[in-house]
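Pasting query04.csv here (CSV, C-alpha atoms):
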chain,number,residue,atom,x,y,z
B,22,ILE,CA,75.4,-3.7,35.0
B,23,LEU,CA,74.3,-0.5,33.4
B,24,ALA,CA,76.0,1.5,36.2
B,25,VAL,CA,79.3,-0.4,35.6
B,26,ILE,CA,79.1,0.2,31.9
B,27,ALA,CA,78.5,3.9,32.5
B,28,LEU,CA,81.4,4.0,34.9
B,29,ASN,CA,83.7,2.3,32.5
B,30,ILE,CA,82.8,4.7,29.7
B,31,ALA,CA,83.3,7.7,31.9
B,32,ALA,CA,86.6,6.3,33.2
B,33,ASN,CA,87.9,5.8,29.7
B,34,LEU,CA,87.1,9.4,28.8
B,35,ILE,CA,89.1,10.6,31.8
B,36,SER,CA,92.4,8.6,31.3
B,37,GLN,CA,93.7,5.2,30.6
B,38,GLU,CA,95.1,4.8,34.1
B,39,PHE,CA,91.8,5.8,35.7
B,40,ALA,CA,90.0,3.4,33.3
B,41,SER,CA,92.2,0.6,34.5
B,42,ILE,CA,91.5,1.3,38.1
B,43,ALA,CA,87.8,1.7,37.6
B,44,GLY,CA,87.5,-1.3,35.5
B,45,ASN,CA,89.3,-3.5,38.0
B,46,LEU,CA,87.3,-2.2,40.9
B,47,ALA,CA,84.1,-2.8,39.0
B,48,TYR,CA,84.8,-6.5,39.2
B,49,VAL,CA,84.3,-6.5,43.0
B,50,PRO,CA,80.6,-5.7,43.0
B,51,LEU,CA,79.9,-7.7,39.8
B,52,ALA,CA,81.7,-10.8,41.0
B,53,GLY,CA,80.2,-10.4,44.4
B,54,SER,CA,76.7,-10.1,43.1
B,55,PHE,CA,77.3,-13.1,40.8
B,56,LEU,CA,78.5,-15.1,43.8
B,57,ILE,CA,75.6,-14.1,46.1
B,58,LEU,CA,73.0,-14.9,43.4
B,59,ALA,CA,74.6,-18.2,42.7
B,60,LEU,CA,74.7,-19.2,46.3
B,61,ILE,CA,71.1,-18.1,46.9
B,62,THR,CA,69.9,-20.1,43.8
B,63,ALA,CA,71.9,-23.2,45.0
B,64,SER,CA,70.4,-23.0,48.5
B,65,ARG,CA,66.9,-22.7,47.1
B,66,PHE,CA,67.3,-25.8,44.9
B,67,GLY,CA,69.2,-27.8,47.5
B,68,LEU,CA,71.1,-30.9,46.3
B,69,GLY,CA,68.1,-32.8,45.1
B,70,GLY,CA,67.7,-33.8,41.5
B,71,ASN,CA,69.5,-32.7,38.4
B,72,HIS,CA,68.8,-29.1,38.9
B,73,GLY,CA,70.0,-29.2,42.5
B,74,LEU,CA,73.3,-30.7,41.3
B,75,ALA,CA,73.4,-28.2,38.5
B,76,TRP,CA,73.0,-25.1,40.7
B,77,PHE,CA,75.4,-26.5,43.3
B,78,SER,CA,78.0,-26.9,40.5
B,79,PHE,CA,77.2,-23.4,39.3
B,80,ALA,CA,77.8,-22.1,42.9
B,81,GLY,CA,81.2,-23.8,42.9
B,82,TYR,CA,82.0,-22.1,39.6
B,83,ALA,CA,80.9,-18.7,41.1
B,84,VAL,CA,83.0,-19.2,44.2
B,85,SER,CA,86.1,-20.1,42.1
B,86,TRP,CA,85.5,-17.2,39.8
B,87,PHE,CA,85.0,-14.8,42.7
B,88,ILE,CA,88.3,-15.8,44.3
B,89,ALA,CA,90.1,-15.5,40.9
B,90,GLU,CA,88.7,-12.0,40.3
B,91,MET,CA,89.7,-10.8,43.8
B,92,LEU,CA,93.2,-12.2,43.3
B,93,TRP,CA,93.4,-10.5,40.0
B,94,VAL,CA,92.3,-7.1,41.4
B,95,HIS,CA,94.7,-7.5,44.3
B,96,GLN,CA,97.6,-8.4,42.0
B,97,ASP,CA,96.9,-5.5,39.7
B,98,LEU,CA,95.8,-2.7,42.1
B,99,VAL,CA,97.6,-3.5,45.4
B,100,VAL,CA,100.8,-5.4,44.4
B,101,HIS,CA,101.0,-3.5,41.0
B,102,GLU,CA,102.2,-6.5,39.1
B,103,ASP,CA,100.8,-8.0,35.9
B,104,PRO,CA,98.2,-10.5,37.0
B,105,PHE,CA,98.7,-12.8,34.1
B,106,PRO,CA,99.9,-15.4,34.9
B,107,SER,CA,99.1,-15.4,38.6
B,108,ALA,CA,97.4,-17.4,41.3
B,109,ALA,CA,94.1,-16.1,39.9
B,110,ASP,CA,94.6,-18.4,36.9
B,111,ILE,CA,94.4,-21.4,39.2
B,112,PHE,CA,90.9,-20.5,40.4
B,113,TYR,CA,89.8,-19.5,36.9
B,114,LEU,CA,90.8,-23.0,35.7
B,115,ILE,CA,89.2,-24.7,38.7
B,116,GLY,CA,85.9,-23.1,37.7
B,117,TYR,CA,85.7,-24.8,34.3
B,118,PRO,CA,84.9,-28.3,35.6
B,119,PHE,CA,82.2,-26.8,37.8
B,120,LEU,CA,80.7,-24.9,34.8
B,121,LEU,CA,80.8,-28.0,32.7
B,122,MET,CA,79.1,-30.0,35.5
B,123,PHE,CA,76.5,-27.3,35.7
B,124,PHE,CA,75.7,-27.6,32.0
B,125,VAL,CA,75.7,-31.4,31.9
B,126,ALA,CA,73.5,-31.7,35.0
B,127,TYR,CA,71.1,-28.9,33.7
B,128,LEU,CA,70.7,-30.6,30.3
B,129,GLN,CA,70.3,-34.1,31.8
B,130,PRO,CA,66.5,-34.0,32.0
B,131,VAL,CA,66.3,-33.1,28.3
B,132,ARG,CA,69.1,-35.2,27.0
B,133,ALA,CA,66.7,-37.4,24.9
B,134,GLY,CA,65.8,-34.3,23.0
B,135,ILE,CA,69.3,-33.4,22.1
B,136,THR,CA,69.7,-34.4,18.4
B,137,LYS,CA,72.9,-35.2,16.6
B,138,LYS,CA,72.3,-32.2,14.4
B,139,VAL,CA,72.3,-29.8,17.5
B,140,LEU,CA,75.4,-31.5,18.8
B,141,ALA,CA,77.1,-31.2,15.5
B,142,VAL,CA,76.2,-27.5,15.0
B,143,SER,CA,77.4,-26.8,18.6
B,144,SER,CA,80.6,-28.6,18.0
B,145,VAL,CA,81.3,-26.8,14.7
B,146,ILE,CA,80.7,-23.4,16.4
B,147,SER,CA,83.0,-24.4,19.2
B,148,VAL,CA,85.8,-25.4,16.8
B,149,GLY,CA,85.1,-22.2,14.9
B,150,VAL,CA,85.9,-20.3,18.0
B,151,LEU,CA,88.8,-22.5,19.0
B,152,ILE,CA,90.9,-22.4,15.9
B,153,PRO,CA,91.3,-18.7,15.5
B,154,SER,CA,91.9,-18.3,19.2
B,155,LEU,CA,94.7,-20.9,19.2
B,156,TYR,CA,96.1,-19.4,16.0
B,157,TYR,CA,96.3,-16.0,17.7
B,158,VAL,CA,97.8,-17.4,20.9
B,159,LEU,CA,100.3,-19.8,19.3
B,160,GLY,CA,101.2,-17.5,16.4
B,161,ASP,CA,102.0,-14.6,18.7
B,162,ALA,CA,103.9,-16.7,21.3
B,163,LYS,CA,107.2,-15.1,22.3
B,164,ASN,CA,108.1,-18.1,24.5
B,165,PRO,CA,106.2,-21.2,23.1
B,166,GLY,CA,106.8,-23.3,26.2
B,167,GLY,CA,106.2,-20.4,28.7
B,168,LEU,CA,103.4,-20.4,31.2
B,169,GLU,CA,101.6,-17.5,29.4
B,170,THR,CA,101.5,-19.5,26.2
B,171,ILE,CA,100.3,-22.6,28.0
B,172,LEU,CA,97.5,-20.7,29.8
B,173,GLY,CA,96.7,-18.8,26.7
B,174,THR,CA,96.2,-22.2,25.0
B,175,ILE,CA,94.3,-23.8,27.9
B,176,TYR,CA,91.7,-21.0,28.2
B,177,PRO,CA,90.3,-21.2,24.6
B,178,ILE,CA,90.3,-25.0,24.8
B,179,PHE,CA,88.3,-25.0,28.0
B,180,ASP,CA,86.0,-22.3,26.6
B,181,SER,CA,85.4,-24.3,23.5
B,182,ILE,CA,84.5,-27.3,25.6
B,183,VAL,CA,81.9,-25.5,27.8
B,184,ILE,CA,80.4,-23.6,24.9
B,185,ILE,CA,79.1,-26.9,23.4
B,186,PRO,CA,76.6,-27.6,26.2
B,187,ALA,CA,75.9,-23.9,26.5
B,188,ILE,CA,74.8,-23.7,22.9
B,189,ILE,CA,72.8,-26.9,23.3
B,190,GLY,CA,71.0,-25.3,26.2
B,191,VAL,CA,70.1,-22.3,24.2
B,192,VAL,CA,68.8,-24.4,21.4
Show me the file's structure as structure tokens.
Amino acid sequence: ILAVIALNIAANLISQEFASIAGNLAYVPLAGSFLILALITASRFGLGGNHGLAWFSFAGYAVSWFIAEMLWVHQDLVVHEDPFPSAADIFYLIGYPFLLMFFVAYLQPVRAGITKKVLAVSSVISVGVLIPSLYYVLGDAKNPGGLETILGTIYPIFDSIVIIPAIIGVV
């Protein structure tokens, strides 16, 4: 991670175009490492119990995210087209249910310890992230019914949903 950060800083000092290329290429080893670690973890836990299901779901998320990142890099660097919206968005969106399943399954053993206060605080933080995001997307929409606006609305909604169990897990 530190090497990728250093690469991005150096690339930004060289030129904007080089920074774009370096930044996109950095996704390949990062997403690949993420995928490999998720698959290793899932194979170690197997499918038994809540943690097995959790890590299997996380591996599904990692696979989906990896495919999306590779499609994004291909669209940007090989085809030279704007990768938003693109086929990558399908795989980014497919990853959200897997990520939510991961959090729910991982929190299942401690669900009795999740208080209403923790749930309320997590929900307030989630809404606090969601409202400005939607305001930014919908207030700046050039084509309110366009695919870009729809995706720009879906992403913060899904993010706000998965952030609730993530915060609960941290607490």
Would you mind listing what lies within 7 Å of segment 181-191 of chain B as a PDB file with C-alpha atoms, keeping the file's coordinate frame, with all atoms listed in the file counted and same-chain residues fewer than 5 positions away left out?
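Result went into out_27.pdb, see below:
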ATOM      1  CA  LEU B 121      80.800 -28.000  32.700  1.00  0.00           C
ATOM      2  CA  PHE B 124      75.700 -27.600  32.000  1.00  0.00           C
ATOM      3  CA  VAL B 125      75.700 -31.400  31.900  1.00  0.00           C
ATOM      4  CA  LEU B 128      70.700 -30.600  30.300  1.00  0.00           C
ATOM      5  CA  VAL B 139      72.300 -29.800  17.500  1.00  0.00           C
ATOM      6  CA  LEU B 140      75.400 -31.500  18.800  1.00  0.00           C
ATOM      7  CA  SER B 143      77.400 -26.800  18.600  1.00  0.00           C
ATOM      8  CA  SER B 144      80.600 -28.600  18.000  1.00  0.00           C
ATOM      9  CA  SER B 147      83.000 -24.400  19.200  1.00  0.00           C
ATOM     10  CA  VAL B 148      85.800 -25.400  16.800  1.00  0.00           C
ATOM     11  CA  VAL B 150      85.900 -20.300  18.000  1.00  0.00           C
ATOM     12  CA  LEU B 151      88.800 -22.500  19.000  1.00  0.00           C
TER      13      LEU B 151
END
Selection: 10 Å around segment 68-71 of chain B, all atoms listed in the file, excl. self and same-chain fewer than 3 positions, as a list in words: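 Listed by chain and then number, they are Ala63, Ser64, Arg65, Leu74, Ala75, Trp76, Phe77, Ser78, Phe123, Val125, Ala126, Tyr127, Leu128, Gln129 and Pro130 of chain B.
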How about saving the chosen residues, C-alpha atoms kept, as a PDB file, in the coordinates of the input?
ATOM      1  CA  ALA B  63      71.900 -23.200  45.000  1.00  0.00           C
ATOM      2  CA  SER B  64      70.400 -23.000  48.500  1.00  0.00           C
ATOM      3  CA  ARG B  65      66.900 -22.700  47.100  1.00  0.00           C
ATOM      4  CA  LEU B  74      73.300 -30.700  41.300  1.00  0.00           C
ATOM      5  CA  ALA B  75      73.400 -28.200  38.500  1.00  0.00           C
ATOM      6  CA  TRP B  76      73.000 -25.100  40.700  1.00  0.00           C
ATOM      7  CA  PHE B  77      75.400 -26.500  43.300  1.00  0.00           C
ATOM      8  CA  SER B  78      78.000 -26.900  40.500  1.00  0.00           C
ATOM      9  CA  PHE B 123      76.500 -27.300  35.700  1.00  0.00           C
ATOM     10  CA  VAL B 125      75.700 -31.400  31.900  1.00  0.00           C
ATOM     11  CA  ALA B 126      73.500 -31.700  35.000  1.00  0.00           C
ATOM     12  CA  TYR B 127      71.100 -28.900  33.700  1.00  0.00           C
ATOM     13  CA  LEU B 128      70.700 -30.600  30.300  1.00  0.00           C
ATOM     14  CA  GLN B 129      70.300 -34.100  31.800  1.00  0.00           C
ATOM     15  CA  PRO B 130      66.500 -34.000  32.000  1.00  0.00           C
TER      16      PRO B 130
END
Between atom CA of Ala83 of chain B and atom CA of Val25 of chain B, measure the distance and give it in Å to one decimal.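 Spanning atom CA of Ala83 of chain B to atom CA of Val25 of chain B is a straight-line distance of 19.2 Å.
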Atom-to-atom span, atom CA of Gly44 of chain B and atom CA of Thr174 of chain B, Å: 25.0 Å
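For segment 51-60 of chain B, the list of residues within 7 Å, based on only C-alpha atoms and with local chain neighbours fewer than 2 positions off taken out, reads Ala47, Tyr48, Val49, Thr62, Ala63, Ser64, Phe79, Ala80, Ala83, Val84 and Phe87 of chain B.
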Please report the interatomic distance between atom CA of Ile30 of chain B and atom CA of Leu46 of chain B in Å with one decimal.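 For atom CA of Ile30 of chain B relative to atom CA of Leu46 of chain B, the distance reads 13.9 Å.
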Name the residues in contact with Gly173 of chain B at a cut-off of 12 Å, using only C-alpha atoms, excluding same-chain residues fewer than 4 positions from it; report them as a PyMOL selection string. chain B and resi 105-106+110+114+151+154-169+177-180
For Gly116 of chain B, which of B:Val100, B:Val131, B:His95, B:Tyr176 is the closest residue, counting all atoms listed in the file? B:Tyr176
Of the listed residues B:Ile111, B:His101, B:Ile146, B:His72, that which approaches Ile88 of chain B most closely, counting all atoms listed in the file: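 Looking at the shortest contact to Ile88 of chain B, the residue is B:Ile111.
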Distance criterion (all atoms listed in the file): nearest to Lys138 of chain B out of B:Val192, B:Leu98, B:Trp93, B:Tyr117: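 Smallest distance to Lys138 of chain B is found for B:Val192.
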Final N, CA and C atoms of segment 105-131 of chain B as a PDB file, in the coordinates of the input:
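Just written: result07.pdb:
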ATOM      1  N   PHE B 105      98.742 -11.622  34.954  1.00  0.00           N
ATOM      2  CA  PHE B 105      98.700 -12.800  34.100  1.00  0.00           C
ATOM      3  C   PHE B 105     100.158 -13.162  33.729  1.00  0.00           C
ATOM      4  N   PRO B 106     100.560 -14.345  34.062  1.00  0.00           N
ATOM      5  CA  PRO B 106      99.900 -15.400  34.900  1.00  0.00           C
ATOM      6  C   PRO B 106     100.052 -15.078  36.344  1.00  0.00           C
ATOM      7  N   SER B 107      99.110 -15.607  37.129  1.00  0.00           N
ATOM      8  CA  SER B 107      99.100 -15.400  38.600  1.00  0.00           C
ATOM      9  C   SER B 107      98.315 -16.520  39.243  1.00  0.00           C
ATOM     10  N   ALA B 108      98.196 -16.423  40.551  1.00  0.00           N
ATOM     11  CA  ALA B 108      97.400 -17.400  41.300  1.00  0.00           C
ATOM     12  C   ALA B 108      95.927 -17.335  40.876  1.00  0.00           C
ATOM     13  N   ALA B 109      95.494 -16.210  40.343  1.00  0.00           N
ATOM     14  CA  ALA B 109      94.100 -16.100  39.900  1.00  0.00           C
ATOM     15  C   ALA B 109      93.806 -17.147  38.817  1.00  0.00           C
ATOM     16  N   ASP B 110      94.783 -17.454  37.992  1.00  0.00           N
ATOM     17  CA  ASP B 110      94.600 -18.400  36.900  1.00  0.00           C
ATOM     18  C   ASP B 110      94.220 -19.814  37.475  1.00  0.00           C
ATOM     19  N   ILE B 111      94.758 -20.154  38.627  1.00  0.00           N
ATOM     20  CA  ILE B 111      94.400 -21.400  39.200  1.00  0.00           C
ATOM     21  C   ILE B 111      92.922 -21.523  39.488  1.00  0.00           C
ATOM     22  N   PHE B 112      92.362 -20.444  40.039  1.00  0.00           N
ATOM     23  CA  PHE B 112      90.900 -20.500  40.400  1.00  0.00           C
ATOM     24  C   PHE B 112      90.055 -20.301  39.139  1.00  0.00           C
ATOM     25  N   TYR B 113      90.533 -19.559  38.141  1.00  0.00           N
ATOM     26  CA  TYR B 113      89.800 -19.500  36.900  1.00  0.00           C
ATOM     27  C   TYR B 113      89.688 -20.922  36.290  1.00  0.00           C
ATOM     28  N   LEU B 114      90.802 -21.642  36.284  1.00  0.00           N
ATOM     29  CA  LEU B 114      90.800 -23.000  35.700  1.00  0.00           C
ATOM     30  C   LEU B 114      90.011 -23.988  36.531  1.00  0.00           C
ATOM     31  N   ILE B 115      90.041 -23.838  37.857  1.00  0.00           N
ATOM     32  CA  ILE B 115      89.200 -24.700  38.700  1.00  0.00           C
ATOM     33  C   ILE B 115      87.744 -24.522  38.427  1.00  0.00           C
ATOM     34  N   GLY B 116      87.355 -23.338  37.996  1.00  0.00           N
ATOM     35  CA  GLY B 116      85.900 -23.100  37.700  1.00  0.00           C
ATOM     36  C   GLY B 116      85.396 -23.805  36.514  1.00  0.00           C
ATOM     37  N   TYR B 117      86.231 -24.118  35.544  1.00  0.00           N
ATOM     38  CA  TYR B 117      85.700 -24.800  34.300  1.00  0.00           C
ATOM     39  C   TYR B 117      85.055 -26.120  34.563  1.00  0.00           C
ATOM     40  N   PRO B 118      85.623 -27.031  35.364  1.00  0.00           N
ATOM     41  CA  PRO B 118      84.900 -28.300  35.600  1.00  0.00           C
ATOM     42  C   PRO B 118      83.537 -28.071  36.276  1.00  0.00           C
ATOM     43  N   PHE B 119      83.473 -27.100  37.186  1.00  0.00           N
ATOM     44  CA  PHE B 119      82.200 -26.800  37.800  1.00  0.00           C
ATOM     45  C   PHE B 119      81.180 -26.288  36.784  1.00  0.00           C
ATOM     46  N   LEU B 120      81.641 -25.430  35.875  1.00  0.00           N
ATOM     47  CA  LEU B 120      80.700 -24.900  34.800  1.00  0.00           C
ATOM     48  C   LEU B 120      80.280 -26.019  33.913  1.00  0.00           C
ATOM     49  N   LEU B 121      81.188 -26.909  33.538  1.00  0.00           N
ATOM     50  CA  LEU B 121      80.800 -28.000  32.700  1.00  0.00           C
ATOM     51  C   LEU B 121      79.822 -28.957  33.401  1.00  0.00           C
ATOM     52  N   MET B 122      80.062 -29.217  34.698  1.00  0.00           N
ATOM     53  CA  MET B 122      79.100 -30.000  35.500  1.00  0.00           C
ATOM     54  C   MET B 122      77.752 -29.373  35.526  1.00  0.00           C
ATOM     55  N   PHE B 123      77.729 -28.049  35.650  1.00  0.00           N
ATOM     56  CA  PHE B 123      76.500 -27.300  35.700  1.00  0.00           C
ATOM     57  C   PHE B 123      75.690 -27.588  34.369  1.00  0.00           C
ATOM     58  N   PHE B 124      76.354 -27.381  33.242  1.00  0.00           N
ATOM     59  CA  PHE B 124      75.700 -27.600  32.000  1.00  0.00           C
ATOM     60  C   PHE B 124      75.198 -29.002  31.759  1.00  0.00           C
ATOM     61  N   VAL B 125      76.047 -29.954  32.076  1.00  0.00           N
ATOM     62  CA  VAL B 125      75.700 -31.400  31.900  1.00  0.00           C
ATOM     63  C   VAL B 125      74.494 -31.729  32.784  1.00  0.00           C
ATOM     64  N   ALA B 126      74.546 -31.335  34.045  1.00  0.00           N
ATOM     65  CA  ALA B 126      73.500 -31.700  35.000  1.00  0.00           C
ATOM     66  C   ALA B 126      72.167 -30.929  34.568  1.00  0.00           C
ATOM     67  N   TYR B 127      72.294 -29.699  34.095  1.00  0.00           N
ATOM     68  CA  TYR B 127      71.100 -28.900  33.700  1.00  0.00           C
ATOM     69  C   TYR B 127      70.443 -29.496  32.467  1.00  0.00           C
ATOM     70  N   LEU B 128      71.271 -30.034  31.575  1.00  0.00           N
ATOM     71  CA  LEU B 128      70.700 -30.600  30.300  1.00  0.00           C
ATOM     72  C   LEU B 128      70.281 -32.058  30.505  1.00  0.00           C
ATOM     73  N   GLN B 129      70.645 -32.690  31.596  1.00  0.00           N
ATOM     74  CA  GLN B 129      70.300 -34.100  31.800  1.00  0.00           C
ATOM     75  C   GLN B 129      68.843 -34.433  31.615  1.00  0.00           C
ATOM     76  N   PRO B 130      67.904 -33.653  32.147  1.00  0.00           N
ATOM     77  CA  PRO B 130      66.500 -34.000  32.000  1.00  0.00           C
ATOM     78  C   PRO B 130      66.005 -33.957  30.514  1.00  0.00           C
ATOM     79  N   VAL B 131      66.699 -33.225  29.656  1.00  0.00           N
ATOM     80  CA  VAL B 131      66.300 -33.100  28.300  1.00  0.00           C
ATOM     81  C   VAL B 131      67.230 -33.783  27.291  1.00  0.00           C
TER      82      VAL B 131
END
